[in-house]
$ cat entry26.txt   # compact mmCIF, C-alpha atoms
# COMPACT_ATOMS: atom_id res chain seq x y z
CA MET I 775 0.00 0.00 0.00
CA GLU I 776 1.38 3.37 -0.99
CA PRO I 777 2.09 5.64 1.99
CA LEU I 778 0.66 9.12 2.34
CA ASP I 779 2.61 12.11 1.17
CA ASP I 780 3.32 15.09 3.44
CA LYS I 781 0.30 17.08 2.35
CA GLU I 782 -2.11 14.20 2.90
CA LEU I 783 -0.60 13.48 6.28
CA ASN I 784 -0.96 17.12 7.35
CA GLN I 785 -4.60 17.12 6.31
CA LEU I 786 -5.26 13.99 8.31
CA LEU I 787 -3.40 15.22 11.38
CA ARG I 788 -5.56 18.34 11.44
CA LYS I 789 -8.67 16.24 11.91
CA TRP I 790 -7.58 15.08 15.36
CA GLU I 791 -8.74 17.85 17.63
CA ALA I 792 -8.22 17.93 21.35
CA PRO I 793 -10.79 19.24 23.82
CA ALA I 794 -10.17 22.50 25.65
CA ALA I 795 -9.37 22.44 29.32
CA PRO I 796 -12.52 22.03 31.41
CA ALA I 797 -13.91 25.25 32.83
CA THR I 798 -13.88 23.74 36.29
CA MET I 799 -10.11 23.31 36.22
CA ARG I 800 -8.57 25.50 38.90
CA VAL I 801 -5.26 25.62 40.67
CA GLU I 802 -5.76 26.52 44.29
CA THR I 803 -2.64 28.44 45.08
CA SER I 804 -3.54 29.08 48.71
CA ARG I 805 -3.96 25.37 49.27
CA SER I 806 -0.63 24.71 47.62
CA ILE I 807 1.11 26.82 50.27
CA GLN I 808 -0.67 25.04 53.12
CA SER I 809 0.13 21.70 51.61
CA LEU I 810 3.70 22.02 52.88
CA TRP I 811 2.27 21.80 56.39
CA SER I 812 -0.20 19.10 55.53
CA TRP I 813 2.67 17.15 53.99
CA LEU I 814 4.08 16.69 57.48
CA TRP I 815 0.93 14.72 58.30
CA SER I 816 0.02 13.04 55.08
CA GLY I 817 3.15 13.25 52.94
CA ARG I 818 5.14 10.26 51.78
CA ILE I 819 8.83 9.79 51.29
CA HIS I 820 10.56 7.09 49.29
CA VAL I 821 13.28 5.21 51.12
CA PRO I 822 15.51 2.76 49.26
CA VAL I 823 15.17 -0.79 50.58
CA PRO I 824 18.82 -1.17 51.73
CA VAL I 825 18.59 2.10 53.66
CA GLY I 826 15.27 1.08 55.21
CA VAL I 827 16.61 -2.34 56.24
CA ALA I 828 19.73 -0.75 57.72
CA MET I 829 17.58 1.71 59.68
CA VAL I 830 15.41 -1.11 61.05
CA PHE I 831 18.42 -3.15 62.12
CA GLY I 832 20.05 -0.08 63.64
CA ALA I 833 16.94 0.75 65.65
CA LEU I 834 16.64 -2.88 66.76
CA ALA I 835 20.28 -3.01 67.86
CA PHE I 836 19.92 0.26 69.78
CA TRP I 837 16.79 -1.01 71.53
CA ILE I 838 18.47 -4.27 72.53
CA TYR I 839 21.60 -2.46 73.75
CA SER I 840 19.67 0.08 75.78
CA ASN I 841 17.41 -2.54 77.40
CA ARG I 842 20.01 -5.11 78.32
CA THR I 843 20.55 -5.84 82.09
CA VAL I 844 24.11 -5.70 83.40
CA PRO I 845 24.72 -8.60 85.87
CA ALA I 846 25.99 -7.57 89.27
CA PRO I 847 29.39 -8.97 90.36
CA ILE I 848 28.98 -12.25 92.25
CA GLY I 849 31.25 -13.66 94.99
CA ASN I 850 34.88 -12.51 95.11
CA PRO I 851 34.79 -8.92 93.97
CA VAL I 852 38.46 -8.90 93.04
CA GLY I 853 39.20 -12.20 91.33
CA ASN I 854 35.97 -13.56 89.85
CA ALA I 855 33.98 -10.53 88.85
CA ILE I 856 33.11 -10.13 85.19
CA GLY I 857 34.66 -7.02 83.87
CA SER I 858 36.99 -4.74 85.71
CA PRO I 859 37.20 -5.01 89.50
CA PRO I 860 35.92 -2.13 91.58
CA VAL I 861 38.54 0.50 92.04
CA PRO I 862 38.85 1.90 95.59
CA LYS I 863 38.60 5.58 95.92
CA VAL I 864 41.89 7.19 96.77
CA SER I 865 41.65 10.42 98.63
CA PRO I 866 44.45 12.88 98.12
CA PRO I 867 46.98 12.96 100.93
CA PRO I 868 46.30 15.68 103.46
CA THR I 869 48.81 18.39 103.72
CA MET I 870 50.81 18.01 106.85
CA SER I 871 52.19 20.72 108.99
CA PRO I 872 55.79 20.41 110.16
CA ALA I 873 54.49 19.73 113.64
CA GLU I 874 52.79 16.54 112.50
CA HIS I 875 56.10 15.23 111.22
CA THR I 876 57.46 15.34 114.71
CA LEU I 877 54.76 13.12 116.15
CA PRO I 878 56.01 9.88 117.70
CA PRO I 879 55.71 6.78 115.50
CA ALA I 880 53.08 5.11 117.69
CA VAL I 881 50.74 8.02 117.25
CA GLU I 882 51.44 8.07 113.58
CA VAL I 883 50.57 4.39 113.20
CA ASP I 884 47.30 4.94 115.01
CA LYS I 885 46.41 7.76 112.65
CA ALA I 886 47.34 5.63 109.68
CA VAL I 887 44.96 2.88 110.72
CA THR I 888 42.09 5.23 111.15
CA ALA I 889 42.99 7.36 108.16
CA ALA I 890 43.76 4.63 105.60
CA LEU I 891 47.52 4.94 106.12
CA SER I 892 47.59 8.40 104.72
CA GLY I 893 50.66 10.24 105.75
CA PHE I 894 52.50 7.00 106.61
CA ARG I 895 56.21 7.34 106.43
CA PRO I 896 58.61 4.43 106.86
CA VAL I 897 61.05 4.59 109.67
CA GLY I 898 64.32 5.99 108.49
CA GLN I 899 66.71 4.23 110.85
CA VAL I 900 66.03 1.17 112.91
CA GLU I 901 67.99 0.66 116.11
CA PRO I 902 67.07 -2.64 117.64
CA LYS I 903 67.80 -3.17 121.35
CA ILE I 904 68.12 -6.57 122.94
CA VAL I 905 66.70 -6.57 126.38
CA ARG I 906 67.61 -9.50 128.42
CA VAL I 907 65.80 -10.37 131.53
CA GLN I 908 68.22 -11.31 134.17
CA PRO I 909 67.33 -14.53 135.97
CA MET L 953 5.41 35.92 40.85
CA THR L 954 2.23 37.55 42.08
CA GLU L 955 -1.06 35.73 42.12
CA ALA L 956 -2.37 38.00 39.36
CA GLU L 957 0.59 37.14 37.13
CA PHE L 958 0.12 33.49 37.85
CA GLN L 959 -3.57 33.71 36.98
CA ARG L 960 -2.69 35.37 33.68
CA PHE L 961 -0.26 32.59 32.78
CA PHE L 962 -2.85 30.01 33.79
CA ASP L 963 -5.54 31.55 31.60
CA GLU L 964 -3.18 31.90 28.65
CA HIS L 965 -1.65 28.44 28.66
CA LYS L 966 -4.03 26.06 30.41
CA ASP L 967 -5.59 24.90 27.14
CA ALA L 968 -2.25 24.15 25.51
CA VAL L 969 -1.00 22.22 28.53
CA TYR L 970 -4.25 20.30 28.88
CA ARG L 971 -4.38 19.49 25.14
CA PHE L 972 -0.84 18.18 25.17
CA ALA L 973 -1.46 16.03 28.24
CA TRP L 974 -4.70 14.71 26.75
CA ARG L 975 -3.05 13.81 23.46
CA MET L 976 -0.26 12.05 25.30
CA THR L 977 -2.41 10.12 27.77
CA ASN L 978 -5.84 9.81 26.10
CA SER L 979 -7.49 10.51 29.46
CA THR L 980 -9.34 13.66 30.45
CA ALA L 981 -8.88 12.97 34.17
CA VAL L 982 -5.15 12.34 33.88
CA ALA L 983 -4.74 15.34 31.59
CA GLU L 984 -6.46 17.55 34.13
CA ASP L 985 -4.27 16.24 36.94
CA ILE L 986 -1.13 16.82 34.89
CA ALA L 987 -2.22 20.33 33.91
CA GLN L 988 -2.91 21.23 37.54
CA ASP L 989 0.44 19.84 38.61
CA VAL L 990 2.18 21.83 35.89
CA PHE L 991 0.74 25.09 37.16
CA LEU L 992 1.33 24.18 40.79
CA SER L 993 4.95 23.59 39.89
CA LEU L 994 5.10 27.01 38.25
CA PHE L 995 3.53 28.64 41.29
CA ARG L 996 5.89 27.00 43.74
CA GLN L 997 9.07 27.49 41.74
CA PRO L 998 8.57 30.44 39.39
CA LYS L 999 12.31 31.10 39.21
CA ARG L 1000 12.80 27.91 37.24
CA PHE L 1001 11.40 29.75 34.25
CA ASP L 1002 14.12 31.59 32.37
CA PRO L 1003 12.66 33.88 29.67
CA SER L 1004 15.99 33.88 27.81
CA ARG L 1005 15.64 30.15 27.14
CA GLY L 1006 12.25 30.27 25.47
CA PRO L 1007 8.64 31.25 25.92
CA MET L 1008 6.49 30.34 28.89
CA ARG L 1009 4.37 27.96 26.83
CA ALA L 1010 7.36 25.83 25.84
CA PHE L 1011 8.50 25.80 29.47
CA LEU L 1012 5.09 24.62 30.70
CA LEU L 1013 4.82 22.00 27.97
CA GLY L 1014 8.23 20.71 29.02
CA ILE L 1015 6.97 20.27 32.58
CA ALA L 1016 3.85 18.53 31.28
CA ARG L 1017 6.04 16.21 29.25
CA ASN L 1018 8.17 15.32 32.27
CA LEU L 1019 5.12 14.67 34.42
CA THR L 1020 3.65 12.43 31.74
CA LEU L 1021 6.83 10.39 31.48
CA LYS L 1022 7.00 10.17 35.28
CA LEU L 1023 3.45 8.87 35.32
CA TRP L 1024 4.35 6.20 32.79
CA ARG L 1025 7.45 5.26 34.72
CA ASP L 1026 5.36 4.83 37.85
CA GLU L 1027 3.00 2.65 35.84
CA GLU L 1028 5.98 0.71 34.50
CA ARG L 1029 5.35 1.68 30.92
CA TRP L 1030 8.86 3.02 30.59
CA GLU L 1031 10.08 0.17 28.44
CA GLN L 1032 8.15 1.51 25.47
CA LEU L 1033 9.72 4.93 25.54
CA GLY L 1034 13.03 4.25 23.91
CA ASN L 1035 11.72 2.33 20.97
CA GLU L 1036 13.18 4.47 18.22
CA GLU L 1037 13.04 1.80 15.54
CA PHE L 1038 9.30 1.54 15.61
CA VAL L 1039 7.65 -0.44 12.83
CA THR L 1040 3.95 -0.20 12.15
CA PRO L 1041 2.11 -3.35 13.12
CA PRO L 1042 -0.07 -4.46 10.18
CA ALA L 1043 -2.98 -5.40 12.45
CA HIS L 1044 -3.14 -1.82 13.63
CA VAL L 1045 -3.69 -0.57 10.09
CA GLU L 1046 -6.63 -2.90 9.63
CA HIS L 1047 -8.14 -1.59 12.83
CA ILE L 1048 -7.71 2.00 11.74
CA VAL L 1049 -9.51 1.44 8.44
CA ARG L 1050 -12.66 0.60 10.30
CA SER L 1051 -12.50 3.69 12.52
CA GLU L 1052 -13.52 7.27 12.04
CA ASN L 1053 -10.87 9.52 10.61
CA ALA L 1054 -10.19 11.68 13.67
CA ALA L 1055 -10.24 8.76 16.06
CA ALA L 1056 -8.03 6.82 13.70
CA VAL L 1057 -5.47 9.62 13.58
CA GLY L 1058 -5.54 9.80 17.36
CA LYS L 1059 -5.00 6.08 17.66
CA ALA L 1060 -2.20 6.18 15.13
CA VAL L 1061 -0.44 9.02 16.95
CA ARG L 1062 -0.88 7.31 20.31
CA SER L 1063 0.53 4.09 18.94
CA LEU L 1064 3.82 5.85 18.24
CA PRO L 1065 6.60 5.34 20.77
CA PRO L 1066 6.32 8.12 23.37
CA LEU L 1067 9.56 9.83 22.37
CA GLN L 1068 8.28 10.16 18.80
CA ARG L 1069 4.77 10.97 19.95
CA GLU L 1070 5.73 13.89 22.17
CA VAL L 1071 7.88 15.44 19.47
CA LEU L 1072 5.15 15.08 16.87
CA ILE L 1073 2.48 16.58 19.14
CA LEU L 1074 4.66 19.52 20.14
CA ALA L 1075 5.57 20.22 16.52
CA GLU L 1076 2.31 19.56 14.71
CA TYR L 1077 -0.28 20.61 17.27
CA GLU L 1078 1.47 23.09 19.57
CA ASP L 1079 3.56 24.80 16.89
CA LEU L 1080 6.78 24.80 18.87
CA SER L 1081 10.02 25.37 16.99
CA LEU L 1082 12.63 22.64 16.86
CA GLU L 1083 14.77 24.53 19.40
CA GLU L 1084 11.84 24.88 21.77
CA ILE L 1085 10.99 21.21 21.42
CA ALA L 1086 14.61 20.28 22.05
CA ARG L 1087 14.58 22.24 25.30
CA ALA L 1088 11.22 20.83 26.34
CA VAL L 1089 12.25 17.20 25.78
CA GLU L 1090 15.84 17.79 26.93
CA SER L 1091 17.42 16.58 23.70
CA GLU L 1092 19.49 17.89 20.83
CA VAL L 1093 17.85 19.60 17.88
CA GLY L 1094 19.20 16.89 15.58
CA THR L 1095 17.64 14.19 17.72
CA VAL L 1096 14.30 16.00 17.67
CA LYS L 1097 14.47 16.34 13.89
CA SER L 1098 15.21 12.66 13.54
CA ARG L 1099 12.38 11.61 15.87
CA LEU L 1100 9.95 13.90 14.09
CA HIS L 1101 10.93 12.46 10.74
CA ARG L 1102 10.48 8.89 12.01
CA ALA L 1103 7.15 9.77 13.54
CA ARG L 1104 5.86 11.25 10.30
CA GLU L 1105 7.12 8.33 8.24
CA ASN L 1106 5.43 5.90 10.62
CA LEU L 1107 2.18 7.83 10.43
CA LYS L 1108 2.32 7.89 6.65
CA GLN L 1109 2.52 4.11 6.67
CA MET L 1110 -0.12 3.67 9.35
CA LEU L 1111 -2.61 6.02 7.73
CA ALA L 1112 -1.99 4.84 4.18
CA PRO L 1113 -5.48 3.23 3.98
CA PHE L 1114 -6.91 6.76 4.10
CA LYS L 1115 -5.09 7.82 0.96
CA SER L 1116 -8.00 7.09 -1.33
CA VAL L 1117 -10.57 8.94 0.78
CA GLN L 1118 -8.56 12.15 1.08
CA PRO L 1119 -9.47 15.09 -1.18
CA ALA L 1120 -6.77 15.62 -3.80
CA SER L 1121 -6.34 19.34 -3.15
CA GLY L 1122 -8.05 22.54 -2.02
CA GLY L 1123 -9.47 23.33 1.39
CA ARG L 1124 -7.91 25.46 4.08
CA PRO L 1125 -4.27 26.43 3.91
CA GLU L 1126 -1.93 24.15 5.77
CA LYS L 1127 -1.23 25.04 9.34
CA HIS L 1128 0.43 21.93 10.59
CA GLY L 1129 3.54 20.33 9.27
CA THR L 1130 5.35 23.61 8.80
CA ILE L 1131 8.01 23.59 11.44
CA ARG L 1132 9.56 26.88 12.45
CA ARG L 1133 13.34 26.75 12.44

$ encode --input "entry26.txt" --output "structure tokens"
Amino acid sequence: MEPLDDKELNQLLRKWEAPAAPATMRVETSRSIQSLWSWLWSGRIHVPVPVGVAMVFGALAFWIYSNRTVPAPIGNPVGNAIGSPPVPKVSPPPTMSPAEHTLPPAVEVDKAVTAALSGFRPVGQVEPKIVRVQP
Amino acid sequence: MTEAEFQRFFDEHKDAVYRFAWRMTNSTAVAEDIAQDVFLSLFRQPKRFDPSRGPMRAFLLGIARNLTLKLWRDEERWEQLGNEEFVTPPAHVEHIVRSENAAAVGKAVRSLPPLQREVLILAEYEDLSLEEIARAVESEVGTVKSRLHRARENLKQMLAPFKSVQPASGGRPEKHGTIRR
């Protein structure tokens, strides 16, 4: 079958008429501004599947981590506890006046016992004496 | 853009946008939705229109074209778009013979691959220049020319059964088919 020429095609194309836009067609510009707010309630966002799965797993892991119960140390607190052993608090050594340094050793030992040995100083020179009881 | 300016653009171009969307989709409801979305887009982002790159009508038709393609992509009809080497199916010709002329032309145009169809509609029915069409469909002028040529050749084949019933000459002067360059 012989195809149409350009003139015949143009004549045929002109016969296909499109309707005009309906008179009821309106664009509500005021609503279009409000729609930004309504989008927060009814809008939709597209999330790629890998990102969505990663977010779900991340949220799940966070929930499990935050809700886990930490077991209290049982028995020997130094040797058998899980994790690091409790560290005793160390108070800074009190500043001593020169007069305190002259205290006799017995007094100093007593203070050390009651004050967690703070300010303990080893004896500088030991002079043992042998006391013999005469029969 | 003030609301008055927007209303003026709407009144001037709503028919062209609606016609284009209707010819592309063959649905009055979808065409109306697309036309409304086109003007909403203009209202929200008026700075996207650059007068130095072409008239407002070509800009709006470009948006309508993109929305139409997006609709087809969402409906998974995208695979038909790139079919440049379109060959007229013989069964379609037989169907056209039995139809009314106008409806047959519409069916023939709609049976073109979308990339040929949009170029043909913009050129033949909306009187856009090749440069304006190229901007609207985001292609080169040479590509547009080639698609338009293929579309017309396909239509000549498809509508060949109407050759005998066409008047030989006379009638109104030709409006369509003369592309501004």

$ atom_distance --input "entry26.txt" --atom1 "atom CA of Ser993 of chain L" --atom2 "atom CA of Gly1006 of chain L"
17.5 Å

$ interface_residues --input "entry26.txt" --of "chain L" --to "chain I" --cutoff "8 Å" --atoms "all atoms listed in the file" --output "PyMOL selection string"
chain L and resi 966-967+970-971+974-975+984+988+991-992+995-996+1053-1055+1057-1058+1076+1104+1107-1113+1115+1118+1126+1128-1129

$ atom_distance --input "entry26.txt" --atom1 "atom CA of Asn1106 of chain L" --atom2 "atom CA of Lys1059 of chain L"
12.6 Å

$ atom_distance --input "entry26.txt" --atom1 "atom CA of Asp985 of chain L" --atom2 "atom CA of Thr1020 of chain L"
10.2 Å

$ closest_residue --input "entry26.txt" --among "I:Leu810, I:Leu891, I:Ala797, I:Val821" --to "Asp963 of chain L" --atoms "only C-alpha atoms"
I:Ala797

$ closest_residue --input "entry26.txt" --among "L:Ala1086, L:Val982, L:Leu1074, L:Val1096" --to "Trp1024 of chain L" --atoms "only C-alpha atoms"
L:Val982

$ closest_residue --input "entry26.txt" --among "L:Met976, L:Ala1088, L:Leu1023, L:Met953" --to "Pro1007 of chain L" --atoms "all atoms listed in the file"
L:Ala1088

$ closest_residue --input "entry26.txt" --among "L:Arg960, L:Arg1005, L:Lys999, L:Arg1017" --to "Ala987 of chain L" --atoms "all atoms listed in the file"
L:Arg1017

$ closest_residue --input "entry26.txt" --among "L:Leu1013, L:Val969, L:Leu1021, L:Leu994" --to "Glu1084 of chain L" --atoms "only C-alpha atoms"
L:Leu1013
